[in-house]
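Peer 1: Please find coords-v2.txt (compact mmCIF, C-alpha atoms (C1' of nucleotides)) on the next line:
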# COMPACT_ATOMS: atom_id res chain seq x y z
CA MET A 286 -0.35 -3.51 6.29
CA PHE A 287 -3.14 -4.94 4.12
CA SER A 288 -4.84 -3.38 1.11
CA LYS A 289 -8.35 -1.95 1.46
CA ALA A 290 -9.64 -4.86 -0.60
CA CYS A 291 -8.06 -7.28 1.85
CA GLU A 292 -9.47 -5.47 4.88
CA TYR A 293 -12.95 -5.62 3.37
CA GLY A 294 -12.41 -9.26 2.43
CA ILE A 295 -11.49 -10.27 5.97
CA LYS A 296 -14.38 -8.35 7.50
CA ALA A 297 -16.86 -9.71 4.96
CA THR A 298 -15.76 -13.29 5.55
CA ILE A 299 -16.02 -12.95 9.31
CA PHE A 300 -19.56 -11.61 8.93
CA ILE A 301 -20.53 -14.38 6.53
CA ALA A 302 -19.14 -16.89 9.03
CA VAL A 303 -21.23 -15.42 11.86
CA LYS A 304 -24.40 -15.65 9.81
CA SER A 305 -23.55 -19.11 8.56
CA LEU A 306 -23.17 -20.32 12.13
CA HIS A 307 -26.82 -19.30 12.49
CA ASP A 308 -27.69 -21.07 9.23
CA GLN A 309 -28.35 -17.84 7.39
CA ARG A 310 -27.23 -16.71 3.97
CA VAL A 311 -26.34 -13.05 3.56
CA SER A 312 -26.70 -10.83 0.52
CA LEU A 313 -24.03 -8.51 -0.79
CA LYS A 314 -26.10 -5.56 0.38
CA GLU A 315 -26.28 -6.78 3.96
CA ILE A 316 -22.56 -7.46 4.00
CA ALA A 317 -21.62 -4.03 2.67
CA GLU A 318 -23.90 -2.41 5.23
CA GLU A 319 -22.51 -4.44 8.08
CA ILE A 320 -18.86 -3.86 7.30
CA ASP A 321 -19.39 -0.30 6.05
CA SER A 322 -17.87 -0.84 2.61
CA PRO A 323 -18.74 0.30 -0.94
CA VAL A 324 -21.25 -2.19 -2.35
CA ALA A 325 -19.88 -2.64 -5.87
CA PHE A 326 -16.29 -2.91 -4.73
CA THR A 327 -17.29 -5.44 -2.11
CA ALA A 328 -18.99 -7.45 -4.86
CA LYS A 329 -15.67 -7.78 -6.70
CA ILE A 330 -13.89 -8.96 -3.59
CA LEU A 331 -16.62 -11.50 -2.83
CA GLN A 332 -16.38 -12.81 -6.38
CA LEU A 333 -12.71 -13.43 -5.80
CA LEU A 334 -13.32 -15.09 -2.46
CA ALA A 335 -16.00 -17.29 -4.03
CA LYS A 336 -13.66 -18.28 -6.86
CA SER A 337 -10.97 -19.09 -4.30
CA GLY A 338 -13.41 -21.39 -2.54
CA ILE A 339 -13.31 -19.37 0.68
CA VAL A 340 -17.03 -18.62 0.58
CA ASP A 341 -19.94 -20.15 -1.31
CA SER A 342 -22.20 -17.97 -3.44
CA HIS A 343 -25.74 -18.60 -4.68
CA LYS A 344 -27.70 -16.62 -7.22
CA GLY A 345 -31.39 -15.90 -7.38
CA PRO A 346 -33.97 -15.12 -4.72
CA THR A 347 -32.87 -16.41 -1.30
CA GLY A 348 -29.37 -16.38 -2.76
CA GLY A 349 -26.34 -14.81 -1.16
CA PHE A 350 -23.09 -15.85 0.47
CA GLN A 351 -22.42 -18.51 3.07
CA MET A 352 -19.80 -20.87 4.44
CA ASP A 353 -20.17 -24.45 5.56
CA ARG A 354 -19.02 -25.52 9.00
CA THR A 355 -15.85 -27.08 7.60
CA GLY A 356 -14.94 -23.82 5.94
CA ILE A 357 -15.61 -21.78 9.05
CA ASP A 358 -13.18 -23.97 10.95
CA ASN A 359 -10.58 -24.36 8.23
CA VAL A 360 -10.39 -20.96 6.56
CA LYS A 361 -7.70 -18.88 8.20
CA VAL A 362 -7.04 -15.15 7.88
CA TYR A 363 -3.88 -16.20 6.07
CA ASP A 364 -5.94 -17.75 3.26
CA ILE A 365 -7.91 -14.56 2.70
CA VAL A 366 -4.79 -12.39 2.64
CA CYS A 367 -3.13 -14.73 0.14
CA ALA A 368 -6.23 -14.79 -2.06
CA ILE A 369 -6.49 -11.01 -2.21
CA ASP A 370 -3.04 -9.47 -1.59
CA GLY A 371 -0.90 -12.47 -2.47
CA ASP A 372 2.02 -13.73 -0.39
CA LYS A 373 4.32 -10.75 -0.85
CA ILE A 374 3.79 -9.65 2.72
CA PHE A 375 4.90 -13.08 3.92
CA ASN A 376 7.80 -13.71 1.56
CA GLY A 377 8.83 -10.38 0.02
CA CYS A 378 11.90 -8.42 1.12
CA GLY A 379 11.33 -5.62 3.64
CA LEU A 380 13.20 -3.20 1.39
CA GLY A 381 11.71 -4.48 -1.85
CA LEU A 382 14.75 -6.35 -3.19
CA LYS A 383 14.07 -9.13 -5.67
CA GLN A 384 16.85 -11.33 -4.41
CA CYS A 385 17.02 -11.16 -0.65
CA ASP A 386 17.81 -14.31 1.29
CA ALA A 387 20.19 -15.64 3.91
CA GLU A 388 22.96 -15.74 1.28
CA HIS A 389 22.45 -12.21 0.02
CA PRO A 390 20.49 -10.40 2.72
CA CYS A 391 19.37 -6.77 2.67
CA PRO A 392 20.37 -4.73 5.72
CA VAL A 393 17.13 -5.46 7.56
CA HIS A 394 16.71 -9.07 6.43
CA ASP A 395 17.59 -10.73 9.74
CA LYS A 396 15.61 -8.18 11.70
CA PHE A 397 12.45 -8.99 9.77
CA ILE A 398 12.62 -12.75 9.88
CA GLY A 399 11.18 -13.11 13.36
CA ILE A 400 8.45 -10.55 12.88
CA ARG A 401 7.37 -12.05 9.61
CA GLU A 402 7.28 -15.53 11.13
CA ASN A 403 5.14 -14.28 13.99
CA LEU A 404 2.75 -12.62 11.59
CA THR A 405 2.53 -15.64 9.31
CA THR A 406 2.01 -18.07 12.16
CA MET A 407 -0.61 -15.88 13.77
CA LEU A 408 -2.58 -15.49 10.55
CA GLN A 409 -2.27 -19.21 9.78
CA LYS A 410 -3.63 -20.12 13.19
CA THR A 411 -6.52 -17.69 13.34
CA SER A 412 -9.68 -19.30 11.99
CA MET A 413 -12.90 -17.70 10.91
CA PHE A 414 -14.62 -19.65 13.68
CA GLU A 415 -12.56 -17.95 16.34
CA LEU A 416 -13.13 -14.46 14.94
CA ALA A 417 -16.79 -15.09 14.17
CA THR A 418 -17.65 -16.25 17.68
CA GLY A 419 -15.87 -13.23 19.17
CA LEU A 420 -17.98 -10.97 16.99
CA ASP A 421 -21.17 -12.92 17.59
CA ILE A 422 -21.04 -12.63 21.37
CA GLY A 423 -20.33 -8.91 21.10
CA LEU A 424 -16.69 -9.00 22.15
CA THR A 425 -15.54 -7.36 18.95
CA GLN A 426 -16.87 -5.04 16.23
CA LEU A 427 -16.59 -4.59 12.47
CA LYS A 428 -17.73 -0.97 12.19
CA ARG A 429 -16.30 2.45 13.05
CA MET B 842 4.67 -3.46 4.47
CA PHE B 843 6.31 -0.11 3.62
CA SER B 844 5.63 2.17 0.65
CA LYS B 845 8.15 2.32 -2.19
CA ALA B 846 9.11 5.82 -1.04
CA CYS B 847 9.86 4.43 2.39
CA GLU B 848 11.92 1.56 1.04
CA TYR B 849 14.01 3.98 -1.03
CA GLY B 850 14.29 6.32 1.95
CA ILE B 851 15.64 3.62 4.24
CA LYS B 852 18.11 2.38 1.63
CA ALA B 853 19.26 5.91 0.80
CA THR B 854 19.82 6.78 4.44
CA ILE B 855 21.83 3.62 5.05
CA PHE B 856 24.04 4.45 2.08
CA ILE B 857 24.49 8.05 3.20
CA ALA B 858 25.46 6.75 6.63
CA VAL B 859 28.09 4.42 5.16
CA LYS B 860 29.65 7.24 3.17
CA SER B 861 29.46 9.63 6.10
CA LEU B 862 31.35 7.16 8.26
CA HIS B 863 34.12 7.58 5.68
CA ASP B 864 33.74 11.38 5.80
CA GLN B 865 32.28 11.53 2.32
CA ARG B 866 29.30 13.45 1.03
CA VAL B 867 27.20 11.75 -1.66
CA SER B 868 25.24 13.30 -4.47
CA LEU B 869 21.70 12.38 -5.39
CA LYS B 870 23.01 10.69 -8.52
CA GLU B 871 25.36 8.41 -6.62
CA ILE B 872 22.62 7.49 -4.19
CA ALA B 873 20.10 6.62 -6.89
CA GLU B 874 22.70 4.51 -8.66
CA GLU B 875 23.70 2.68 -5.51
CA ILE B 876 20.18 1.86 -4.34
CA ASP B 877 18.85 1.36 -7.88
CA SER B 878 16.04 3.90 -7.62
CA PRO B 879 14.56 6.53 -9.98
CA VAL B 880 16.65 9.69 -9.59
CA ALA B 881 13.90 12.32 -9.54
CA PHE B 882 11.70 10.35 -7.18
CA THR B 883 14.65 9.77 -4.86
CA ALA B 884 15.27 13.52 -4.87
CA LYS B 885 11.81 14.14 -3.44
CA ILE B 886 12.30 11.58 -0.71
CA LEU B 887 15.67 13.05 0.24
CA GLN B 888 14.12 16.51 0.46
CA LEU B 889 11.67 15.12 2.96
CA LEU B 890 14.40 13.37 4.94
CA ALA B 891 16.43 16.59 4.97
CA LYS B 892 13.45 18.60 6.22
CA SER B 893 12.87 16.02 8.91
CA GLY B 894 16.46 16.46 10.06
CA ILE B 895 17.34 12.84 9.32
CA VAL B 896 20.04 13.77 6.79
CA ASP B 897 21.89 17.01 6.08
CA SER B 898 21.91 18.47 2.59
CA HIS B 899 24.33 20.93 1.01
CA LYS B 900 23.88 22.75 -2.27
CA GLY B 901 26.43 23.72 -4.84
CA PRO B 902 29.58 22.05 -6.08
CA THR B 903 30.96 19.57 -3.52
CA GLY B 904 27.42 19.52 -2.19
CA GLY B 905 25.38 16.43 -1.49
CA PHE B 906 23.93 14.53 1.44
CA GLN B 907 25.56 13.46 4.67
CA MET B 908 24.94 12.60 8.30
CA ASP B 909 26.96 13.51 11.36
CA ARG B 910 28.12 10.83 13.74
CA THR B 911 25.40 11.68 16.25
CA GLY B 912 22.76 11.19 13.57
CA ILE B 913 24.22 7.91 12.44
CA ASP B 914 23.95 6.60 15.99
CA ASN B 915 20.61 8.16 16.86
CA VAL B 916 18.52 7.85 13.70
CA LYS B 917 16.52 4.64 13.81
CA VAL B 918 14.63 2.93 11.00
CA TYR B 919 11.53 3.88 12.95
CA ASP B 920 12.25 7.59 12.41
CA ILE B 921 12.51 7.16 8.65
CA VAL B 922 9.29 5.17 8.45
CA CYS B 923 7.45 7.80 10.51
CA ALA B 924 8.85 10.64 8.38
CA ILE B 925 7.75 9.04 5.11
CA ASP B 926 4.81 6.70 5.78
CA GLY B 927 3.63 8.16 9.06
CA ASP B 928 2.74 6.11 12.13
CA LYS B 929 -0.30 4.33 10.70
CA ILE B 930 1.56 1.06 10.51
CA PHE B 931 2.38 1.33 14.22
CA ASN B 932 -0.93 2.63 15.52
CA GLY B 933 -3.60 2.00 12.88
CA CYS B 934 -6.16 -0.81 13.10
CA GLY B 935 -5.33 -4.00 11.20
CA LEU B 936 -8.76 -3.92 9.56
CA GLY B 937 -8.78 -0.17 8.96
CA LEU B 938 -11.28 0.82 11.65
CA LYS B 939 -11.07 4.40 12.90
CA GLN B 940 -11.94 3.50 16.44
CA CYS B 941 -10.26 0.29 17.44
CA ASP B 942 -8.89 -0.07 20.95
CA ALA B 943 -9.06 -2.37 23.96
CA GLU B 944 -12.57 -1.06 24.70
CA HIS B 945 -13.92 -1.52 21.20
CA PRO B 946 -11.57 -3.96 19.47
CA CYS B 947 -11.88 -5.26 15.94
CA PRO B 948 -11.82 -9.06 15.61
CA VAL B 949 -8.06 -9.17 15.08
CA HIS B 950 -7.11 -6.41 17.51
CA ASP B 951 -5.62 -8.60 20.22
CA LYS B 952 -3.87 -10.78 17.67
CA PHE B 953 -2.05 -7.80 16.21
CA ILE B 954 -0.90 -6.17 19.44
CA GLY B 955 2.10 -8.42 19.97
CA ILE B 956 3.23 -8.35 16.38
CA ARG B 957 2.95 -4.61 16.18
CA GLU B 958 4.90 -4.19 19.41
CA ASN B 959 7.66 -6.42 18.09
CA LEU B 960 7.84 -4.47 14.87
CA THR B 961 7.85 -1.10 16.61
CA THR B 962 10.49 -2.14 19.11
CA MET B 963 12.70 -3.63 16.44
CA LEU B 964 12.53 -0.54 14.26
CA GLN B 965 13.09 1.74 17.24
CA LYS B 966 16.19 -0.18 18.25
CA THR B 967 17.80 -0.51 14.83
CA SER B 968 20.16 2.39 14.20
CA MET B 969 21.68 3.55 10.95
CA PHE B 970 25.09 2.77 12.44
CA GLU B 971 24.23 -0.88 12.82
CA LEU B 972 22.85 -1.20 9.31
CA ALA B 973 25.59 0.93 7.76
CA THR B 974 28.43 -1.13 9.24
CA GLY B 975 26.79 -4.35 8.08
CA LEU B 976 26.63 -2.96 4.55
CA ASP B 977 30.12 -1.48 4.70
CA ILE B 978 31.83 -4.76 5.56
CA GLY B 979 29.91 -6.52 2.80
CA LEU B 980 27.58 -8.54 5.00
CA THR B 981 24.50 -7.06 3.36
CA GLN B 982 23.46 -5.50 0.05
CA LEU B 983 21.18 -2.76 -1.23
CA LYS B 984 20.80 -3.86 -4.83
CA ARG B 985 18.96 -6.62 -6.70
C1' DC C 155 -43.38 -19.84 -18.01
C1' DC C 156 -42.95 -15.40 -15.67
C1' DA C 157 -41.40 -12.06 -12.58
C1' DA C 158 -38.48 -10.95 -9.04
C1' DT C 159 -34.06 -11.41 -6.98
C1' DA C 160 -29.26 -11.74 -6.49
C1' DA C 161 -24.57 -12.68 -8.04
C1' DA C 162 -21.32 -12.40 -12.19
C1' DG C 163 -19.02 -9.78 -15.40
C1' DG C 164 -17.53 -5.95 -18.22
C1' DA C 165 -16.73 -1.15 -18.86
C1' DT C 166 -15.74 3.09 -16.82
C1' DA C 167 -14.57 6.72 -13.40
C1' DT C 168 -11.90 8.50 -9.46
C1' DT C 169 -8.19 8.70 -6.27
C1' DT C 170 -3.73 7.77 -4.63
C1' DA C 171 0.99 6.18 -5.17
C1' DG C 172 4.73 6.33 -8.00
C1' DG C 173 7.56 8.68 -11.07
C1' DT C 174 9.30 12.70 -14.30
C1' DC C 175 10.58 17.27 -15.76
C1' DT C 176 11.68 22.11 -15.51
C1' DT C 177 12.82 26.17 -13.05
C1' DT C 178 14.82 28.37 -9.03
C1' DT C 179 18.09 28.92 -5.41
C1' DT C 180 22.48 28.35 -3.32
C1' DA C 181 27.37 27.41 -3.05
C1' DT C 182 32.00 26.87 -4.93
C1' DC C 183 35.93 28.21 -7.30
C1' DA C 184 38.46 29.78 -11.25
C1' DT D 1127 32.21 38.12 -10.34
C1' DG D 1128 30.57 34.95 -13.46
C1' DA D 1129 30.31 30.03 -14.84
C1' DT D 1130 28.99 25.93 -13.04
C1' DA D 1131 27.49 22.20 -10.01
C1' DA D 1132 24.26 20.67 -6.94
C1' DA D 1133 19.93 20.49 -4.17
C1' DA D 1134 15.09 22.65 -3.54
C1' DA D 1135 10.71 23.32 -5.16
C1' DG D 1136 6.78 22.65 -7.57
C1' DA D 1137 4.23 21.44 -11.77
C1' DC D 1138 3.21 17.64 -14.32
C1' DC D 1139 2.53 12.84 -15.95
C1' DT D 1140 1.50 7.67 -15.44
C1' DA D 1141 0.00 3.48 -13.45
C1' DA D 1142 -2.30 1.03 -10.01
C1' DA D 1143 -5.71 0.75 -6.43
C1' DT D 1144 -10.14 1.94 -5.27
C1' DA D 1145 -14.80 2.59 -6.49
C1' DT D 1146 -19.02 2.90 -9.53
C1' DC D 1147 -22.32 1.71 -13.09
C1' DC D 1148 -24.72 -1.15 -16.11
C1' DT D 1149 -25.77 -5.35 -18.42
C1' DT D 1150 -26.01 -10.38 -18.26
C1' DT D 1151 -26.90 -14.76 -16.21
C1' DA D 1152 -28.68 -17.94 -12.89
C1' DT D 1153 -32.19 -19.24 -9.49
C1' DT D 1154 -36.36 -19.36 -7.14
C1' DG D 1155 -41.35 -19.11 -6.07
C1' DG D 1156 -45.76 -18.38 -7.82
Taking this structure as input, can you express it in the form of structure tokens?

Peer 2:
Amino acid sequence: MFSKACEYGIKATIFIAVKSLHDQRVSLKEIAEEIDSPVAFTAKILQLLAKSGIVDSHKGPTGGFQMDRTGIDNVKVYDIVCAIDGDKIFNGCGLGLKQCDAEHPCPVHDKFIGIRENLTTMLQKTSMFELATGLDIGLTQLKR
Amino acid sequence: MFSKACEYGIKATIFIAVKSLHDQRVSLKEIAEEIDSPVAFTAKILQLLAKSGIVDSHKGPTGGFQMDRTGIDNVKVYDIVCAIDGDKIFNGCGLGLKQCDAEHPCPVHDKFIGIRENLTTMLQKTSMFELATGLDIGLTQLKR
DNA sequence: CCAATAAAGGATATTTAGGTCTTTTTATCA
DNA sequence: TGATAAAAAGACCTAAATATCCTTTATTGG
């Protein structure tokens, strides 16, 4: 469904959100440990997320990654997926055709419309706050 | 969503179904031309589909690929996806966790259940016959 | 200012997906 | 039965995704 980079990106952002809700910055190392991801690769993804404005980064001692409360509420899973994997999964043709629309549909075009809409809507509605609180109170997990 | 191999596999099978409904075998070359795919790569995918029993293959002159009427009715998009990409898309965790179930869910587990069910059901219900007739009467396309 | 810390950035390696090519096997038919 | 057409099989190549390493830059506290 998503690329590895995107999976890591979502998990990392959720973890950063949890810590930020407790007014704590987290370092790359902590993040990679928590979400069980390769450190250097995670660094690249976090750079991208920082550039996209999804997370804030700070250098130096006491530095690390964080989100402000506005971001925690406003950033949706959809934003992370778009930043890392792009919008192909939301707009691309199920069979990979360049031109595939209501006028010139591929054989599965109509079948995919509903599913894609559900997915898009769900990801657009799901905020970091919602996912972070679920993780924070132990309802969900990021490892294993 | 699907791998390239899977996209080609679905398109190829639909085309074979159309031709089979007109009692015609099709060669690899015709298939690759029709679905606009690399010939040699398509050959590999068709081998896999033949081994999986999704299409029948015949060697020699007048040889090629075909499906019997039972296959055209019974083979679902789901079967092709499973044969080529496996069932990860139907059963795997959205965030790539090994262990992710109702007991130990990842943060997006519940959110994905419905969408995944919709996708699975849709693909399990969609037969080659349905897609082949849509293509045959010009309602849909495989190119561009 | 200095030393320690942490992210940024560039270069490189590894793995997987995607794609190609050649040889072998099988079937048809002249 | 031999020439030929077609798929099967497997070796091989390429590009992209994944992952690592190392150097640079910014920030902080002493």

Peer 1: Do you know which residues are at most 12 Å from stretch 927-932 of chain B counting all atoms listed in the file, after dropping those on the same chain fewer than 6 positions away, and could you put them as a list in words?

Peer 2: Met286 and Phe287 of chain A; Met842, Phe843, Ser844, Ala846, Cys847, Tyr919, Asp920, Ile921, Leu938, Lys939, Gln940, Cys941, Asp942, His950, Phe953, Ile954, Gly955, Ile956, Arg957, Glu958, Asn959, Leu960, Thr961, Thr962, Met963, Leu964 and Gln965 of chain B

Peer 1: Can you work out which residues from chain D touch chain A at a cut-off of 12 Å (counting all atoms listed in the file) and hand them back as a CSV table (one decimal) with C-alpha atoms (C1' of nucleotides), in the frame of the given file?

Peer 2:
chain,number,residue,atom,x,y,z
D,1143,DA,C1',-5.7,0.8,-6.4
D,1144,DT,C1',-10.1,1.9,-5.3
D,1145,DA,C1',-14.8,2.6,-6.5
D,1146,DT,C1',-19.0,2.9,-9.5
D,1147,DC,C1',-22.3,1.7,-13.1
D,1148,DC,C1',-24.7,-1.2,-16.1
D,1151,DT,C1',-26.9,-14.8,-16.2
D,1152,DA,C1',-28.7,-17.9,-12.9
D,1153,DT,C1',-32.2,-19.2,-9.5
D,1154,DT,C1',-36.4,-19.4,-7.1
D,1155,DG,C1',-41.4,-19.1,-6.1

Peer 1: So that each row is one residue of chain C with an atom at most 12 Å from chain A, can you give its shortest atom pair and the distance in Å to one decimal, using only C-alpha atoms (C1' of nucleotides), rows by chain and rising number, as JSON lines?

Peer 2:
{"residue": "C:DA157", "atom": "C1'", "partner": "A:Pro346", "partner_atom": "CA", "distance": 11.2}
{"residue": "C:DA158", "atom": "C1'", "partner": "A:Pro346", "partner_atom": "CA", "distance": 7.5}
{"residue": "C:DT159", "atom": "C1'", "partner": "A:Pro346", "partner_atom": "CA", "distance": 4.3}
{"residue": "C:DA160", "atom": "C1'", "partner": "A:Gly345", "partner_atom": "CA", "distance": 4.8}
{"residue": "C:DA161", "atom": "C1'", "partner": "A:Lys344", "partner_atom": "CA", "distance": 5.1}
{"residue": "C:DA162", "atom": "C1'", "partner": "A:Gln332", "partner_atom": "CA", "distance": 7.6}
{"residue": "C:DG163", "atom": "C1'", "partner": "A:Lys329", "partner_atom": "CA", "distance": 9.5}
{"residue": "C:DG164", "atom": "C1'", "partner": "A:Lys329", "partner_atom": "CA", "distance": 11.8}

Peer 1: Only C-alpha atoms (C1' of nucleotides), please: the residues just picked out, written as a PDB file, keeping the file's coordinate frame.

Peer 2:
ATOM      1  C1'  DA C 157     -41.400 -12.060 -12.580  1.00  0.00           C
ATOM      2  C1'  DA C 158     -38.480 -10.950  -9.040  1.00  0.00           C
ATOM      3  C1'  DT C 159     -34.060 -11.410  -6.980  1.00  0.00           C
ATOM      4  C1'  DA C 160     -29.260 -11.740  -6.490  1.00  0.00           C
ATOM      5  C1'  DA C 161     -24.570 -12.680  -8.040  1.00  0.00           C
ATOM      6  C1'  DA C 162     -21.320 -12.400 -12.190  1.00  0.00           C
ATOM      7  C1'  DG C 163     -19.020  -9.780 -15.400  1.00  0.00           C
ATOM      8  C1'  DG C 164     -17.530  -5.950 -18.220  1.00  0.00           C
TER       9       DG C 164
END

Peer 1: Quick one: of A:Cys367, A:Ile301, A:Leu416, A:Ile339, who's nearest to chain B, counting all atoms listed in the file?

Peer 2: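 Comparing A:Cys367, A:Ile301, A:Leu416, A:Ile339 against chain B, the winner is A:Leu416.
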
Peer 1: Output as JSON the centre and edge lengths (Å, one decimal) of the box along x, y and z of the file that holds every listed atom of stretch 844-857 of chain B after adding 6 Å on each side.

Peer 2:
{"center_x": 15.1, "center_y": 4.8, "center_z": 1.4, "size_x": 30.9, "size_y": 18.5, "size_z": 19.2}

Peer 1: Could you work out how far atom CA of A:Met352 lies from atom CA of A:Leu334, giving the answer in Å with one decimal?

Peer 2: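 So the two atoms, atom CA of A:Leu334 and atom CA of A:Met352, lie 11.1 Å apart.
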
Peer 1: Which residue out of A:Cys391, A:Ile330, A:Thr411, A:Lys396 has the minimum interatomic distance to A:Ile369 when all atoms listed in the file are used?

Peer 2: A:Ile330

Peer 1: Using all atoms listed in the file, pick whichever of B:Ser968, B:Leu936, B:Thr974, B:Val918 has the shortest atom-to-atom distance to chain A.

Peer 2: B:Leu936

Peer 1: Please identify all polymer residues lying at most 7 Å from the point (8.6, 15.6, -14.8) (file coordinates), using all atoms listed in the file, and present the result as a list of chain:residue names.

Peer 2: C:DT174, C:DC175, D:DC1138, D:DC1139

Peer 1: From the set B:Leu983, B:Val896, B:Cys934, B:Ala924, which residue has the shortest atom-to-atom contact distance to chain A, counting only C-alpha atoms?

Peer 2: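 Comparing B:Leu983, B:Val896, B:Cys934, B:Ala924 against chain A, the winner is B:Leu983.
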
Peer 1: Kindly extract all protein, DNA and RNA residues lying within 12 Å of the coordinates (3.0, 0.8, -11.9) given in the file, considering all atoms listed in the file, and supply them as JSON, numbers by chain.

Peer 2: {"B": [845], "C": [171, 172, 173], "D": [1140, 1141, 1142, 1143]}

Peer 1: Ranking A:Gly423, A:Met413, A:Pro392, A:Ser322 by minimum distance to chain B and counting only C-alpha atoms, which one comes first?

Peer 2: A:Pro392

Peer 1: Any idea what the distance is between atom CA of A:Asp358 and atom CA of A:Phe414?

Peer 2: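 Going from atom CA of A:Asp358 over to atom CA of A:Phe414 covers 5.3 Å.
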
Peer 1: Considering only C-alpha atoms, can you say which of A:Ala417, A:Val360, A:Gly381, A:Arg429 comes closest to A:Phe300?

Peer 2: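 With only C-alpha atoms as the atom set, the closest residue is A:Ala417.
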
Peer 1: Between atom C1' of C:DT177 and atom C1' of D:DG1136, what is the distance in Å, rounded to a tenth?

Peer 2: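 Separating atom C1' of C:DT177 from atom C1' of D:DG1136 is a distance of 8.9 Å.
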